[in-house]
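The data block below is input-v9.cif; it holds mmCIF, C-alpha atoms.
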```cif
data_upload
#
loop_
_atom_site.group_PDB
_atom_site.id
_atom_site.type_symbol
_atom_site.label_atom_id
_atom_site.label_comp_id
_atom_site.auth_asym_id
_atom_site.auth_seq_id
_atom_site.Cartn_x
_atom_site.Cartn_y
_atom_site.Cartn_z
ATOM 1 C CA MET W 256 -71.189 -38.051 -3.423
ATOM 2 C CA ALA W 257 -69.112 -36.638 -0.544
ATOM 3 C CA PHE W 258 -69.804 -33.492 1.447
ATOM 4 C CA VAL W 259 -67.023 -31.238 2.686
ATOM 5 C CA ARG W 260 -67.606 -28.992 5.718
ATOM 6 C CA VAL W 261 -66.871 -25.285 5.126
ATOM 7 C CA GLU W 262 -66.554 -22.454 7.662
ATOM 8 C CA GLN W 263 -66.629 -18.782 6.766
ATOM 9 C CA ARG W 264 -65.813 -16.602 9.775
ATOM 10 C CA ASN W 265 -66.193 -12.849 10.336
ATOM 11 C CA ALA W 266 -67.833 -12.272 6.975
ATOM 12 C CA HIS W 267 -70.103 -9.442 5.864
ATOM 13 C CA LEU W 268 -72.967 -9.637 3.386
ATOM 14 C CA ALA W 269 -72.318 -8.166 -0.057
ATOM 15 C CA SER W 270 -76.025 -7.639 -0.771
ATOM 16 C CA ALA W 271 -79.473 -8.213 0.670
ATOM 17 C CA VAL W 272 -80.675 -11.767 1.256
ATOM 18 C CA ARG W 273 -82.820 -13.040 -1.640
ATOM 19 C CA LEU W 274 -85.774 -15.141 -0.476
ATOM 20 C CA VAL W 275 -87.970 -17.234 -2.786
ATOM 21 C CA SER W 276 -90.467 -20.030 -2.341
ATOM 22 C CA VAL W 277 -89.740 -23.221 -4.267
ATOM 23 C CA GLN W 278 -91.777 -26.389 -4.642
ATOM 24 C CA GLY W 279 -90.375 -29.125 -2.407
ATOM 25 C CA ARG W 280 -91.405 -32.763 -2.054
ATOM 26 C CA ASP W 281 -93.869 -31.882 0.724
ATOM 27 C CA GLY W 282 -95.039 -28.512 -0.626
ATOM 28 C CA PRO W 283 -93.575 -25.010 -0.816
ATOM 29 C CA VAL W 284 -90.223 -24.442 0.920
ATOM 30 C CA SER W 285 -88.404 -21.159 1.564
ATOM 31 C CA LYS W 286 -85.007 -20.843 -0.106
ATOM 32 C CA ALA W 287 -82.641 -17.913 0.412
ATOM 33 C CA THR W 288 -79.300 -17.040 -1.085
ATOM 34 C CA LEU W 289 -76.754 -14.705 0.422
ATOM 35 C CA THR W 290 -73.263 -13.716 -0.606
ATOM 36 C CA ALA W 291 -70.806 -13.418 2.278
ATOM 37 C CA ILE W 292 -67.348 -11.883 1.871
ATOM 38 C CA SER W 293 -64.480 -12.510 4.271
ATOM 39 C CA ASN W 294 -61.000 -11.006 4.123
ATOM 40 C CA THR W 295 -57.783 -12.885 4.803
ATOM 41 C CA ARG W 296 -54.355 -11.340 5.312
ATOM 42 C CA ARG W 297 -51.517 -13.131 3.538
ATOM 43 C CA GLY W 298 -47.760 -12.691 3.737
ATOM 44 C CA SER W 299 -45.690 -10.484 6.010
ATOM 45 C CA GLY W 300 -43.832 -7.176 5.916
ATOM 46 C CA GLU W 301 -44.012 -5.310 2.599
ATOM 47 C CA ASN W 302 -45.476 -8.388 0.905
ATOM 48 C CA ARG W 303 -48.496 -8.393 3.238
ATOM 49 C CA GLY W 304 -51.734 -8.242 1.305
ATOM 50 C CA GLU W 305 -55.431 -8.824 1.827
ATOM 51 C CA GLU W 306 -57.464 -11.337 -0.147
ATOM 52 C CA ALA W 307 -61.263 -11.279 -0.279
ATOM 53 C CA THR W 308 -63.255 -14.490 -0.636
ATOM 54 C CA ALA W 309 -66.932 -14.365 -1.615
ATOM 55 C CA ILE W 310 -69.161 -17.409 -1.172
ATOM 56 C CA GLN W 311 -72.771 -17.624 -2.281
ATOM 57 C CA TRP W 312 -74.633 -19.666 0.350
ATOM 58 C CA THR W 313 -78.042 -21.339 0.067
ATOM 59 C CA LEU W 314 -80.283 -21.507 3.132
ATOM 60 C CA TRP W 315 -83.511 -23.498 3.468
ATOM 61 C CA GLY W 316 -86.756 -23.370 5.467
ATOM 62 C CA LYS W 317 -87.023 -21.335 8.657
ATOM 63 C CA GLN W 318 -83.318 -20.521 8.540
ATOM 64 C CA ALA W 319 -83.882 -18.844 5.132
ATOM 65 C CA GLU W 320 -86.881 -16.873 6.415
ATOM 66 C CA ASN W 321 -84.955 -15.658 9.497
ATOM 67 C CA ALA W 322 -81.980 -14.559 7.385
ATOM 68 C CA ALA W 323 -84.244 -12.592 5.034
ATOM 69 C CA GLN W 324 -85.954 -10.933 7.992
ATOM 70 C CA TYR W 325 -82.926 -10.088 10.148
ATOM 71 C CA LEU W 326 -79.954 -9.668 7.786
ATOM 72 C CA GLY W 327 -79.184 -6.860 5.361
ATOM 73 C CA LYS W 328 -76.304 -5.723 3.190
ATOM 74 C CA GLY W 329 -73.253 -5.292 5.420
ATOM 75 C CA SER W 330 -74.508 -7.600 8.207
ATOM 76 C CA HIS W 331 -71.750 -9.567 9.914
ATOM 77 C CA VAL W 332 -72.073 -13.355 10.113
ATOM 78 C CA ASN W 333 -70.273 -16.629 10.682
ATOM 79 C CA VAL W 334 -71.473 -19.424 8.415
ATOM 80 C CA VAL W 335 -70.843 -23.159 8.695
ATOM 81 C CA GLY W 336 -72.050 -25.483 5.991
ATOM 82 C CA ARG W 337 -71.071 -27.913 3.296
ATOM 83 C CA VAL W 338 -69.829 -27.725 -0.252
ATOM 84 C CA GLN W 339 -70.870 -30.148 -2.945
ATOM 85 C CA ASN W 340 -69.901 -30.661 -6.577
ATOM 86 C CA ASN W 341 -72.769 -29.654 -8.821
ATOM 87 C CA ASN W 342 -71.472 -30.663 -12.256
ATOM 88 C CA TYR W 343 -73.782 -30.907 -15.262
ATOM 89 C CA GLU W 344 -73.696 -31.246 -19.054
ATOM 90 C CA ARG W 345 -74.505 -28.279 -21.317
ATOM 91 C CA ASP W 346 -74.147 -28.380 -25.092
ATOM 92 C CA GLY W 347 -72.074 -31.549 -24.828
ATOM 93 C CA GLU W 348 -69.578 -30.060 -22.369
ATOM 94 C CA THR W 349 -69.287 -30.650 -18.651
ATOM 95 C CA VAL W 350 -69.828 -27.534 -16.527
ATOM 96 C CA TYR W 351 -68.124 -27.676 -13.138
ATOM 97 C CA THR W 352 -69.766 -25.795 -10.246
ATOM 98 C CA MET W 353 -69.797 -25.876 -6.465
ATOM 99 C CA ALA W 354 -72.902 -25.493 -4.280
ATOM 100 C CA PHE W 355 -72.551 -24.128 -0.726
ATOM 101 C CA THR W 356 -75.398 -24.983 1.681
ATOM 102 C CA ALA W 357 -75.501 -23.294 5.093
ATOM 103 C CA GLU W 358 -76.170 -25.543 8.079
ATOM 104 C CA GLU W 359 -75.518 -22.957 10.796
ATOM 105 C CA ILE W 360 -75.379 -19.167 10.682
ATOM 106 C CA ASP W 361 -74.360 -16.907 13.560
ATOM 107 C CA TYR W 362 -75.686 -13.333 13.486
ATOM 108 C CA LEU W 363 -72.832 -11.180 14.840
ATOM 109 C CA ASP W 364 -74.515 -7.749 14.837
ATOM 110 C CA THR W 365 -76.537 -6.419 17.759
ATOM 111 C CA LYS W 366 -80.250 -5.863 17.249
ATOM 112 C CA ALA W 367 -79.703 -2.096 16.879
ATOM 113 C CA GLU W 368 -76.890 -2.556 14.348
ATOM 114 C CA SER W 369 -78.986 -5.044 12.393
ATOM 115 C CA GLU W 370 -81.968 -2.674 12.264
ATOM 116 C CA ALA W 371 -79.725 0.203 11.183
ATOM 117 C CA LEU W 372 -78.272 -1.890 8.335
ATOM 118 C CA ARG W 373 -81.788 -2.769 7.177
ATOM 119 C CA GLY W 374 -82.864 0.889 7.478
ATOM 120 C CA ASN W 375 -85.254 0.251 10.400
ATOM 121 C CA GLY W 376 -83.264 1.768 13.233
ATOM 122 C CA ARG W 377 -82.243 5.218 14.229
ATOM 123 C CA ALA W 378 -78.751 6.518 13.569
ATOM 124 C CA PRO W 379 -76.677 7.531 16.592
ATOM 125 C CA GLU W 380 -77.296 11.151 17.548
ATOM 126 C CA GLN W 381 -74.542 13.739 17.398
ATOM 127 C CA GLY W 382 -71.991 13.053 20.122
ATOM 128 C CA GLU W 383 -73.458 9.596 20.790
ATOM 129 C CA ALA W 384 -71.132 6.659 20.247
ATOM 130 C CA PRO W 385 -72.348 3.838 17.990
ATOM 131 C CA LEU W 386 -73.337 0.652 19.794
ATOM 132 C CA SER W 387 -70.606 -1.789 20.609
ATOM 133 C CA PRO W 388 -70.934 -5.297 19.140
ATOM 134 C CA LYS W 389 -70.636 -6.642 22.703
ATOM 135 C CA LEU W 390 -73.957 -5.038 23.687
ATOM 136 C CA GLY W 391 -77.376 -6.467 22.929
ATOM 137 C CA ALA W 392 -78.481 -9.873 21.802
ATOM 138 C CA LYS W 393 -76.546 -12.184 19.534
ATOM 139 C CA ALA W 394 -78.974 -14.305 17.550
ATOM 140 C CA LYS W 395 -78.076 -17.674 16.108
ATOM 141 C CA GLY W 396 -80.541 -18.409 13.337
ATOM 142 C CA ALA W 397 -79.680 -22.000 12.513
ATOM 143 C CA LYS W 398 -80.678 -23.507 15.834
ATOM 144 C CA GLY W 399 -82.930 -20.772 17.165
ATOM 145 C CA ARG W 400 -80.684 -20.003 20.151
ATOM 146 C CA LYS W 401 -80.667 -16.446 21.479
ATOM 147 C CA ALA W 402 -78.693 -14.695 24.179
ATOM 148 C CA ALA W 403 -80.578 -12.740 26.813
ATOM 149 C CA PRO W 404 -81.350 -9.218 25.560
ATOM 150 C CA ALA W 405 -79.400 -6.289 26.997
ATOM 151 C CA GLU W 406 -81.112 -4.137 29.618
ATOM 152 C CA LEU W 407 -82.521 -0.914 28.165
ATOM 153 C CA ASP W 408 -82.903 2.534 29.711
ATOM 154 C CA GLU W 409 -86.091 4.657 29.551
ATOM 155 C CA HIS W 410 -85.199 5.747 25.982
ATOM 156 C CA GLY W 411 -84.793 2.175 24.714
ATOM 157 C CA ASP W 412 -80.982 2.374 24.584
ATOM 158 C CA PRO W 413 -78.762 -0.427 25.959
ATOM 159 C CA ILE W 414 -77.219 0.139 29.376
ATOM 160 C CA PRO W 415 -73.458 -0.498 28.912
ATOM 161 C CA PHE W 416 -72.781 -1.696 32.489
#
```
Go ahead and render the structure in this file as structure tokens.
Amino acid sequence: MAFVRVEQRNAHLASAVRLVSVQGRDGPVSKATLTAISNTRRGSGENRGEEATAIQWTLWGKQAENAAQYLGKGSHVNVVGRVQNNNYERDGETVYTMAFTAEEIDYLDTKAESEALRGNGRAPEQGEAPLSPKLGAKAKGAKGRKAAPAELDEHGDPIPF
């Protein structure tokens, strides 16, 4: 059975990450599913349109736990993984499905944006600009890499310079 590598760039989550524990060969394993939607522009001029593609990804182990903890509906991500045929027989007929397994997931939101999407952060005050995506840390859940956190002022807000 062959694996095909799939990349989904600049996607946003359609719903919260669903985390469950399943029985693996060596004991319980965390499994999460998330649905990421990315938009693509097609055509030109008056025929220009936008097409949305939704992919339901499966994540395993620590990567699944991190996604459930740090991602919420609307979070922005890049996902790289593989697609595999998952065909089976039901009532004498072959059912054709595809399974998408994430190997790497990049968290594109800042810590403050992520907390706000999950309902844990504070909303910007009146007259205060929302945080720029270029500020703060950019976490990469698949390999545990993290950028250095942004410097904060005495109120806990990022310093933009």
Checklist line | Ala287 (chain W) surroundings by all atoms listed in the file, 6 Å radius, close-in-sequence under 2 positions cut, as a ChimeraX atom specification | finding: /W:273-274,313-314,319
Note to self: Would you pick out the contacts of Gln339 (chain W) at 7 Å or less, using all atoms listed in the file, so that residues sharing its chain but fewer than 4 positions from it are not included, and give the list as a count of residues only?
What the structure shows: 5
Margin query: Using all atoms listed in the file, list the residues that have an atom at most 9 Å from (-72.1, -23.5, 8.2), coordinates as in the file, as a ChimeraX atom specification.
Written below: /W:260-263,333-337,355-361,397
Could those selected residues go to a file with C-alpha atoms, as a PDB file, keeping the file's coordinate frame?
```pdb
ATOM      1  CA  ARG W 260     -67.606 -28.992   5.718  1.00  0.00           C
ATOM      2  CA  VAL W 261     -66.871 -25.285   5.126  1.00  0.00           C
ATOM      3  CA  GLU W 262     -66.554 -22.454   7.662  1.00  0.00           C
ATOM      4  CA  GLN W 263     -66.629 -18.782   6.766  1.00  0.00           C
ATOM      5  CA  ASN W 333     -70.273 -16.629  10.682  1.00  0.00           C
ATOM      6  CA  VAL W 334     -71.473 -19.424   8.415  1.00  0.00           C
ATOM      7  CA  VAL W 335     -70.843 -23.159   8.695  1.00  0.00           C
ATOM      8  CA  GLY W 336     -72.050 -25.483   5.991  1.00  0.00           C
ATOM      9  CA  ARG W 337     -71.071 -27.913   3.296  1.00  0.00           C
ATOM     10  CA  PHE W 355     -72.551 -24.128  -0.726  1.00  0.00           C
ATOM     11  CA  THR W 356     -75.398 -24.983   1.681  1.00  0.00           C
ATOM     12  CA  ALA W 357     -75.501 -23.294   5.093  1.00  0.00           C
ATOM     13  CA  GLU W 358     -76.170 -25.543   8.079  1.00  0.00           C
ATOM     14  CA  GLU W 359     -75.518 -22.957  10.796  1.00  0.00           C
ATOM     15  CA  ILE W 360     -75.379 -19.167  10.682  1.00  0.00           C
ATOM     16  CA  ASP W 361     -74.360 -16.907  13.560  1.00  0.00           C
ATOM     17  CA  ALA W 397     -79.680 -22.000  12.513  1.00  0.00           C
TER      18      ALA W 397
END
```
Notebook entry, point to check: What is the CA of Arg264 (chain W)-CA of Leu326 (chain W) distance in Å, reported with one decimal?
Noted result: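 Interatomic distance, CA of Arg264 (chain W) to CA of Leu326 (chain W): 15.9 Å.
With only C-alpha atoms as the atoms that count, the residue of W:Trp315, W:Ser299, W:Thr349, W:Val332 with the shortest distance to Gly279 (chain W) is W:Trp315.
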Checklist line | Which residue of W:Asp364, W:Asp346, W:Glu301, W:Glu320 approaches Lys286 (chain W) most closely, using only C-alpha atoms | finding: W:Glu320
Note to self: List the spatial neighbours of Gly316 (chain W) as an MDAnalysis selection string - criterion: any atom at most 10 Å away, all atoms listed in the file, same-chain residues fewer than 5 positions off excluded.
What the structure shows: chainID W and resid 276 283:287 321
Next item on the list: Just give me the residues with any atom within 7 Å of (-67.0, -10.5, 14.1), file coordinates, counting all atoms listed in the file, written as a list of chain:residue names.
Entry: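 Looking at atoms near the point gives W:Asn265, W:His331, W:Leu363.
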Item checked: CA of Ile292 (chain W) to CA of Ser369 (chain W), distance in Å rounded to a single decimal ->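 According to the coordinates, CA of Ile292 (chain W) and CA of Ser369 (chain W) are separated by 17.1 Å.
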How big is the axis-aligned box, and where does its centre sit, when it encloses all atoms of region 350-353 of chain W listed in the file and has 6 Å added on every side, reported in Å to one decimal as JSON?
```
{"center_x": -69.0, "center_y": -26.7, "center_z": -11.5, "size_x": 13.7, "size_y": 13.9, "size_z": 22.1}
```
Margin query: What does the structure give for the distance between CA of Thr290 (chain W) and CA of Trp312 (chain W), in Å to one decimal?
Written below: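 According to the coordinates, CA of Thr290 (chain W) and CA of Trp312 (chain W) are separated by 6.2 Å.
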Note to self: Calculated over all atoms listed in the file, which of the candidates W:Gly347, W:Glu305, W:Asn341, W:Lys328 has the smallest distance to Glu370 (chain W)?
What the structure shows: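 Comparing W:Gly347, W:Glu305, W:Asn341, W:Lys328 against Glu370 (chain W), the winner is W:Lys328.
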Margin query: Given all atoms listed in the file as the basis, pick out the residue of W:Val350, W:Ala266, W:Val277, W:Ile310 nearest to Ser293 (chain W).
Written below: W:Ala266
Check: Mind telling me what the PyMOL selection byres ((chain W and resi 294) around 6) catches here, as a VMD selection string?
Finding: chain W and resid 293 295 306 to 307
